[in-house]
Amino acid sequence: MTSPTHTTDSIAQPFASTIPCAAMIFPPLFQFAGAWRHPGNRTDWLRTSFWTDLGRQLEADGYDMLFVPDAMAMARGHDGTTDAVISVGAKGGIYLDPITVMSTVAAVTTQLRLGCTLSTSFVPAYDIARRIATLHQLSGGRAAWNIVTSVYDYEAQNMGLPRLEPKADRYRKADRVTQEVLELWQSFPDEALWMDTETGRFADPTRIQPTGDGVGPLTLPGDVEGYRPMLLQAGASPTGLDFAARWADATFMVAANGAQAQQVRADLRARAAQAGRDPNTITTLMGVQPIVAETQTAAENKLQELQDLIEPAESWQDLATLFRADPNDWALDDSAADFLAAQRGATGAEGFENIVAEIVQDGASTVGELAVLGAIAQFKPLLVGTAESVAQQMLDLVDHGATDGFMIMGTVVPDSFSDFAPVIRLLNEATKSPGAPSVEPQNSLAR
Ligand SMILES: Cc1cc2nc3c(=O)[nH]c(=O)nc-3n(C[C@H](O)[C@H](O)[C@H](O)COP(=O)(O)O)c2cc1C
């Protein structure tokens with residue numbers, strides 16, 4: 001395919017932190033299968049107060065972004081039903097409309113970036129551009145759009161389509177839609193809105209015009225003081241990385257460990273350079289699950305307590321659902337490598353399956369072990385220790401080129417996010433003190 005070229009030189013406002021930390025909020029699990037049963041966990045995520053309290057807290061704790069994933073359907077098991085997922089509250093059982101949720105958070109915060117997932121496979125460019133621009137204006141310039149192409153046919157069916165298009169076609173469409181969204185944001189620049197009471201001129205019609213394709217103009221400005229919404233991306237196949245290399249200001253990067261993250265990030269940066277972009281304009285946010293406490297022993301005890309809430313049989317059910325396998329076809333002590341080989345490609349997300357492969361190679365030998373690792377952290381690296389030790393682990397990851405920033409997964413919400421707050425302070429101190437910044441400042445998101 002011929003790569004589309006950027007017809008826009010619009011820019012997003014860089015992250016304020018040198019090592020940005022985003023918080024991913026994904027009820028009912030928050031990436032930990034025991035979450036909604038944990039006595040300390042808030043379960044009122046269907047109510048505004050959950051999101052507004054959380055937004056205020058994340059902002060006070062110094063997080064750079066609140067991020068919510070989305071899908072257009074409840075997840076289904078191998079039998080095509082939602083029964084297994086919804087009966088235990090597994091991943092993909094609950095999704096709220098991200099824009100509505102983020103509007104509530106926008107009202108009570110001033111700094112926090114608001115990352116919303118919208119799929120280019122279902123939502124027309126004009127609708128995406130307008131919804132994200134509205135959030136951008138309401139929040140004073142803090143919207144971020146997570147560009148996804150969706151994963152399952154049953155999502156397409158909920159959206160009135162017979163099935164999802166093949167991945168290559170979905171990414172081609174994503175290129176087109178993203179280009180249109182950027183052009184639409186520029187079809188009504190903020191500075192063209194004069195509202196000049198002296199002259200009676202509301203806006204400059206010469207600057208507010210349809211795009212080259214005759215779409216638009218947008219019904220509101222697409223930027224705030226020259227900064228458009230940030231573009232996020234989360235796909236990880238070669239095609240997905242090429243897409244990120246072309247468009248993303250930041251990527252939600254998944255890896256089983258630092259070495260794998262290093263490879264993914266290097267690959268992404270090489271692809272960006274090949275596409276004619278400065279790789280430093282892309283910030284990778286590596287998914288991690290921190291367990292932070294006053295002492296190392298206390299952190300390990302906390303992890304153990306969390307692990308005790310995991311039901312191996314239930315975890316196996318969840319893993320089978322994720323890989324669209326019949327749970328009855330496998331026993332908990334069957335080989336994890338055999339399971340992965342048999343189910344390769346079933347999740348529809350190549351990058352995610354690469355993590356699982358790495359974990360199997362690292363020693364998860366049985367299906368049961370793999371299931372528990374999935375249940376505790378959705379296969380993301382666990383960073384367990386004091387704030388100092390977790391901060392050091394993260395600085396090491398950045399130092400070794402594994403990532404630029406982090407996507408923080410919580411276990412018990414909101415406490416695991418507040419437990420992590422001292423780490424953010426330490427990361428900020430480390431990157432500000434003159435002797436310490438072995439990490440390169442990467443917050444030049446502008447392109
Ligand atoms: C870490 C990660 C997070 C994702 N989050 C979402 C999401 O919230 N909603 C969605 O529809 N797809 C999501 N996806 C799916 C991707 O957008 C993409 O459609 C899918 O992974 C297939 O592309 P890939 O093989 O390039 O990863 C995510 C993928 C990854 C790897």
# chains A, B, ... in the order shown; residues from 1 in each chain; ligands from 1

$ select_by_dssp --residues "range 263-410 of chain A" --states "strand (DSSP E or B)" --output "NGL selection string"
:A and (283-292 or 335 or 366 or 382-385 or 405-409)

$ residues_around --residues "range 233-248 of chain A" --least-positions-apart "4" --cutoff "6 Å" --atoms "only C-alpha atoms" --output "list in words"
Asn146, Ile147, Phe252, Leu268, Arg271, Ala272, Glu350 and Gly351 of chain A

$ closest_residue --among "A:Arg131, A:Arg170, A:Arg42, A:Arg37" --to "ligand 1" --atoms "only C-alpha atoms and all ligand atoms"
A:Arg170

$ residues_around --residues "Arg269 in chain A" --least-positions-apart "3" --cutoff "10 Å" --atoms "only C-alpha atoms" --output "mmCIF file with N, CA and C atoms, in the first residue's frame"
data_model
loop_
_atom_site.group_PDB
_atom_site.id
_atom_site.type_symbol
_atom_site.label_atom_id
_atom_site.label_comp_id
_atom_site.auth_asym_id
_atom_site.auth_seq_id
_atom_site.Cartn_x
_atom_site.Cartn_y
_atom_site.Cartn_z
ATOM 1 N N LEU A 241 2.265 -1.229 14.071
ATOM 2 C CA LEU A 241 3.418 -0.377 14.389
ATOM 3 C C LEU A 241 3.665 0.637 13.278
ATOM 4 N N ASP A 242 3.472 0.213 12.020
ATOM 5 C CA ASP A 242 3.606 1.168 10.914
ATOM 6 C C ASP A 242 2.586 2.291 11.044
ATOM 7 N N ALA A 244 1.222 3.338 13.863
ATOM 8 C CA ALA A 244 1.673 4.199 14.961
ATOM 9 C C ALA A 244 2.810 5.106 14.501
ATOM 10 N N ALA A 245 3.714 4.524 13.716
ATOM 11 C CA ALA A 245 4.878 5.292 13.243
ATOM 12 C C ALA A 245 4.427 6.494 12.412
ATOM 13 N N GLN A 263 12.811 -4.104 22.217
ATOM 14 C CA GLN A 263 12.679 -4.508 20.802
ATOM 15 C C GLN A 263 11.507 -3.797 20.133
ATOM 16 N N VAL A 264 10.357 -3.773 20.850
ATOM 17 C CA VAL A 264 9.158 -3.158 20.254
ATOM 18 C C VAL A 264 9.411 -1.668 20.012
ATOM 19 N N ARG A 265 10.012 -1.012 21.026
ATOM 20 C CA ARG A 265 10.239 0.435 20.886
ATOM 21 C C ARG A 265 11.246 0.725 19.768
ATOM 22 N N ALA A 266 12.307 -0.089 19.695
ATOM 23 C CA ALA A 266 13.307 0.126 18.638
ATOM 24 C C ALA A 266 12.663 -0.068 17.264
ATOM 25 N N ALA A 272 9.243 4.740 12.325
ATOM 26 C CA ALA A 272 8.951 6.180 12.272
ATOM 27 C C ALA A 272 9.984 6.886 11.403
ATOM 28 N N ALA A 273 11.268 6.526 11.607
ATOM 29 C CA ALA A 273 12.331 7.158 10.816
ATOM 30 C C ALA A 273 12.115 6.861 9.334
ATOM 31 N N GLN A 274 11.725 5.610 9.054
ATOM 32 C CA GLN A 274 11.481 5.211 7.665
ATOM 33 C C GLN A 274 10.314 5.994 7.057
ATOM 34 N N ALA A 275 9.344 6.314 7.915
ATOM 35 C CA ALA A 275 8.176 7.071 7.431
ATOM 36 C C ALA A 275 8.464 8.572 7.376
ATOM 37 N N ARG A 277 9.529 10.477 9.955
ATOM 38 C CA ARG A 277 9.238 11.209 11.196
ATOM 39 C C ARG A 277 10.418 11.107 12.152
ATOM 40 N N ASP A 278 10.571 12.121 12.982
ATOM 41 C CA ASP A 278 11.567 12.054 14.047
ATOM 42 C C ASP A 278 11.034 11.093 15.120
ATOM 43 N N PRO A 279 11.746 9.981 15.374
ATOM 44 C CA PRO A 279 11.237 9.008 16.364
ATOM 45 C C PRO A 279 11.015 9.615 17.743
ATOM 46 N N ASN A 280 11.736 10.701 18.046
ATOM 47 C CA ASN A 280 11.555 11.327 19.366
ATOM 48 C C ASN A 280 10.206 12.015 19.516
ATOM 49 N N THR A 281 9.446 12.096 18.420
ATOM 50 C CA THR A 281 8.119 12.703 18.532
ATOM 51 C C THR A 281 7.075 11.681 18.976
ATOM 52 N N ILE A 282 7.497 10.430 19.202
ATOM 53 C CA ILE A 282 6.551 9.408 19.664
ATOM 54 C C ILE A 282 6.928 8.979 21.085
ATOM 55 N N THR A 283 5.966 9.039 21.975
ATOM 56 C CA THR A 283 6.193 8.623 23.367
ATOM 57 C C THR A 283 5.564 7.251 23.585
ATOM 58 N N THR A 284 6.383 6.272 23.957
ATOM 59 C CA THR A 284 5.801 4.968 24.275
ATOM 60 C C THR A 284 5.402 4.956 25.753
#

$ atom_distance --atom1 "CA of Thr366 in chain A" --atom2 "CA of Leu322 in chain A"
16.5 Å

$ residues_around --residues "range 65-73 of chain A" --least-positions-apart "4" --cutoff "8 Å" --atoms "only C-alpha atoms" --output "JSON, numbers by chain"
{"A": [21, 22, 23, 24, 25, 26, 55, 58, 92, 95, 96, 97, 98, 112, 113, 114, 115, 116, 117, 118, 150, 154, 155, 156, 158, 159]}

$ write_last_selection --atoms "N, CA and C atoms" --output "JSON list (two decimals), in the first residue's frame"
[["chain", "number", "residue", "atom", "x", "y", "z"],
["A", 21, "CYS", "N", 3.34, 9.29, 33.10],
["A", 21, "CYS", "CA", 2.62, 8.12, 33.64],
["A", 21, "CYS", "C", 1.13, 8.33, 33.42],
["A", 22, "ALA", "N", 0.53, 7.42, 32.66],
["A", 22, "ALA", "CA", -0.92, 7.45, 32.46],
["A", 22, "ALA", "C", -1.56, 6.39, 33.36],
["A", 23, "ALA", "N", -2.80, 6.60, 33.75],
["A", 23, "ALA", "CA", -3.52, 5.60, 34.55],
["A", 23, "ALA", "C", -4.61, 4.98, 33.69],
["A", 24, "MET", "N", -4.56, 3.67, 33.56],
["A", 24, "MET", "CA", -5.60, 2.99, 32.77],
["A", 24, "MET", "C", -6.70, 2.51, 33.70],
["A", 25, "ILE", "N", -7.92, 2.90, 33.41],
["A", 25, "ILE", "CA", -9.06, 2.51, 34.24],
["A", 25, "ILE", "C", -10.02, 1.69, 33.39],
["A", 26, "PHE", "N", -10.24, 0.48, 33.84],
["A", 26, "PHE", "CA", -10.95, -0.48, 33.01],
["A", 26, "PHE", "C", -11.82, -1.37, 33.90],
["A", 55, "GLY", "N", -10.55, 11.18, 39.07],
["A", 55, "GLY", "CA", -9.91, 12.22, 38.27],
["A", 55, "GLY", "C", -9.18, 13.21, 39.16],
["A", 58, "LEU", "N", -6.09, 11.44, 40.70],
["A", 58, "LEU", "CA", -5.00, 11.21, 39.74],
["A", 58, "LEU", "C", -4.26, 12.51, 39.44],
["A", 92, "GLY", "N", -13.75, -7.26, 29.70],
["A", 92, "GLY", "CA", -14.65, -7.08, 28.57],
["A", 92, "GLY", "C", -16.11, -7.22, 28.93],
["A", 95, "TYR", "N", -18.24, -1.87, 29.58],
["A", 95, "TYR", "CA", -17.63, -0.71, 28.90],
["A", 95, "TYR", "C", -18.61, 0.46, 28.98],
["A", 96, "LEU", "N", -18.14, 1.59, 29.47],
["A", 96, "LEU", "CA", -18.97, 2.79, 29.46],
["A", 96, "LEU", "C", -18.51, 3.65, 28.28],
["A", 97, "ASP", "N", -19.41, 4.48, 27.78],
["A", 97, "ASP", "CA", -19.02, 5.37, 26.68],
["A", 97, "ASP", "C", -17.92, 6.32, 27.17],
["A", 98, "PRO", "N", -16.73, 6.25, 26.56],
["A", 98, "PRO", "CA", -15.59, 7.01, 27.10],
["A", 98, "PRO", "C", -15.76, 8.52, 27.08],
["A", 112, "LEU", "N", -5.07, 17.03, 33.91],
["A", 112, "LEU", "CA", -5.05, 15.62, 33.51],
["A", 112, "LEU", "C", -5.47, 15.46, 32.04],
["A", 113, "ARG", "N", -4.66, 14.75, 31.27],
["A", 113, "ARG", "CA", -5.01, 14.43, 29.88],
["A", 113, "ARG", "C", -6.09, 13.36, 29.90],
["A", 114, "LEU", "N", -7.04, 13.42, 28.95],
["A", 114, "LEU", "CA", -8.19, 12.52, 28.97],
["A", 114, "LEU", "C", -8.16, 11.65, 27.72],
["A", 115, "GLY", "N", -7.75, 10.39, 27.86],
["A", 115, "GLY", "CA", -7.56, 9.50, 26.71],
["A", 115, "GLY", "C", -8.79, 8.63, 26.45],
["A", 116, "CYS", "N", -9.41, 8.84, 25.29],
["A", 116, "CYS", "CA", -10.65, 8.13, 24.94],
["A", 116, "CYS", "C", -10.44, 7.24, 23.73],
["A", 117, "THR", "N", -10.96, 6.04, 23.79],
["A", 117, "THR", "CA", -10.85, 5.11, 22.67],
["A", 117, "THR", "C", -12.07, 5.24, 21.75],
["A", 118, "LEU", "N", -11.82, 5.43, 20.46],
["A", 118, "LEU", "CA", -12.90, 5.41, 19.45],
["A", 118, "LEU", "C", -12.37, 4.66, 18.24],
["A", 150, "SER", "N", -10.58, -2.04, 16.35],
["A", 150, "SER", "CA", -11.48, -3.07, 16.89],
["A", 150, "SER", "C", -10.99, -4.47, 16.56],
["A", 154, "TYR", "N", -18.29, -9.70, 16.46],
["A", 154, "TYR", "CA", -19.53, -9.37, 17.19],
["A", 154, "TYR", "C", -19.62, -7.89, 17.52],
["A", 155, "GLU", "N", -18.50, -7.16, 17.54],
["A", 155, "GLU", "CA", -18.57, -5.70, 17.67],
["A", 155, "GLU", "C", -19.18, -5.12, 16.39],
["A", 156, "ALA", "N", -18.69, -5.62, 15.24],
["A", 156, "ALA", "CA", -19.20, -5.15, 13.95],
["A", 156, "ALA", "C", -20.71, -5.40, 13.87],
["A", 158, "ASN", "N", -22.87, -5.57, 16.29],
["A", 158, "ASN", "CA", -23.59, -4.58, 17.11],
["A", 158, "ASN", "C", -23.67, -3.23, 16.42],
["A", 159, "MET", "N", -22.74, -2.99, 15.48],
["A", 159, "MET", "CA", -22.72, -1.71, 14.79],
["A", 159, "MET", "C", -23.37, -1.82, 13.40]]

$ closest_residue --among "A:Asp61, A:Glu353, A:Asp249, A:Asp9" --to "ligand 1" --atoms "only C-alpha atoms and all ligand atoms"
A:Glu353

$ select_by_dssp --residues "range 237-392 of chain A" --states "helix (DSSP H, G or I)" --output "number ranges by chain"
A: 238-247, 258-274, 279-281, 296-308, 312-322, 327-329, 336-343, 350-361, 367-377, 387-392

$ closest_residue --among "A:Ser139, A:Ala391, A:Thr43, A:Ile132" --to "Val292 in chain A" --atoms "only C-alpha atoms"
A:Ala391

$ atom_distance --atom1 "atom 23 (O, counted along the ligand's line) of ligand 1" --atom2 "CA of Ala168 in chain A"
9.2 Å

$ closest_residue --among "A:Ala375, A:Ala75, A:Val224, A:Ala299" --to "ligand 1" --atoms "only C-alpha atoms and all ligand atoms"
A:Ala75

$ closest_residue --among "A:Val372, A:Val85, A:Ile208, A:Ala298" --to "Arg324 in chain A" --atoms "only C-alpha atoms"
A:Val85

$ residues_around --residues "Lys173 in chain A" --least-positions-apart "4" --cutoff "8 Å" --atoms "only C-alpha atoms" --output "list in words"
Thr120, Ser121, Asp169 and Val177 of chain A

$ atom_distance --atom1 "atom 17 (O, counted along the ligand's line) of ligand 1" --atom2 "CA of Ser17 in chain A"
25.5 Å

$ residues_around --residues "Gln307 in chain A" --least-positions-apart "5" --cutoff "10 Å" --atoms "only C-alpha atoms" --output "PDB file with C-alpha atoms, in the first residue's frame"
ATOM      1  CA  PHE A  32      -6.633  -7.707  38.153  1.00  0.00           C
ATOM      2  CA  ALA A  33      -9.198 -10.498  38.137  1.00  0.00           C
ATOM      3  CA  GLY A  34      -9.958 -10.327  41.862  1.00  0.00           C
ATOM      4  CA  ASN A 301       2.736  -9.591  51.143  1.00  0.00           C
ATOM      5  CA  LYS A 302       0.343  -7.309  49.293  1.00  0.00           C
ATOM      6  CA  PRO A 312      -7.255 -20.795  39.360  1.00  0.00           C
ATOM      7  CA  VAL A 372      -2.921 -16.991  37.061  1.00  0.00           C
ATOM      8  CA  LEU A 373      -0.368 -14.617  35.471  1.00  0.00           C
ATOM      9  CA  ALA A 375      -5.470 -12.923  36.169  1.00  0.00           C
ATOM     10  CA  ILE A 376      -3.056 -10.934  38.312  1.00  0.00           C
TER      11      ILE A 376
END

$ residues_around --residues "Pro39 in chain A" --least-positions-apart "5" --cutoff "12 Å" --atoms "only C-alpha atoms" --output "PDB file with N, CA and C atoms, in the first residue's frame"
ATOM      1  N   GLY A  34      -9.249 -10.310  40.582  1.00  0.00           N
ATOM      2  CA  GLY A  34      -9.958 -10.327  41.862  1.00  0.00           C
ATOM      3  C   GLY A  34     -10.525  -8.973  42.239  1.00  0.00           C
ATOM      4  N   GLU A 305      -1.457 -11.389  48.979  1.00  0.00           N
ATOM      5  CA  GLU A 305      -2.884 -11.234  49.325  1.00  0.00           C
ATOM      6  C   GLU A 305      -3.741 -11.124  48.057  1.00  0.00           C
ATOM      7  N   LEU A 306      -3.217 -10.393  47.091  1.00  0.00           N
ATOM      8  CA  LEU A 306      -3.956 -10.249  45.833  1.00  0.00           C
ATOM      9  C   LEU A 306      -4.037 -11.597  45.116  1.00  0.00           C
ATOM     10  N   LEU A 309      -6.656 -13.991  46.148  1.00  0.00           N
ATOM     11  CA  LEU A 309      -8.033 -13.745  45.691  1.00  0.00           C
ATOM     12  C   LEU A 309      -8.316 -14.366  44.321  1.00  0.00           C
ATOM     13  N   THR A 411      -4.638  -2.446  40.632  1.00  0.00           N
ATOM     14  CA  THR A 411      -5.263  -3.688  41.113  1.00  0.00           C
ATOM     15  C   THR A 411      -6.484  -3.310  41.935  1.00  0.00           C
ATOM     16  N   VAL A 412      -6.224  -2.647  43.086  1.00  0.00           N
ATOM     17  CA  VAL A 412      -7.327  -2.207  43.940  1.00  0.00           C
ATOM     18  C   VAL A 412      -7.486  -0.702  43.720  1.00  0.00           C
ATOM     19  N   VAL A 413      -8.671  -0.305  43.281  1.00  0.00           N
ATOM     20  CA  VAL A 413      -8.877   1.094  42.888  1.00  0.00           C
ATOM     21  C   VAL A 413      -9.730   1.799  43.937  1.00  0.00           C
ATOM     22  N   PRO A 414      -9.334   2.974  44.446  1.00  0.00           N
ATOM     23  CA  PRO A 414      -8.246   3.814  43.939  1.00  0.00           C
ATOM     24  C   PRO A 414      -6.894   3.586  44.620  1.00  0.00           C
ATOM     25  N   ASP A 415      -6.836   2.701  45.637  1.00  0.00           N
ATOM     26  CA  ASP A 415      -5.628   2.670  46.472  1.00  0.00           C
ATOM     27  C   ASP A 415      -4.345   2.363  45.707  1.00  0.00           C
TER      28      ASP A 415
END
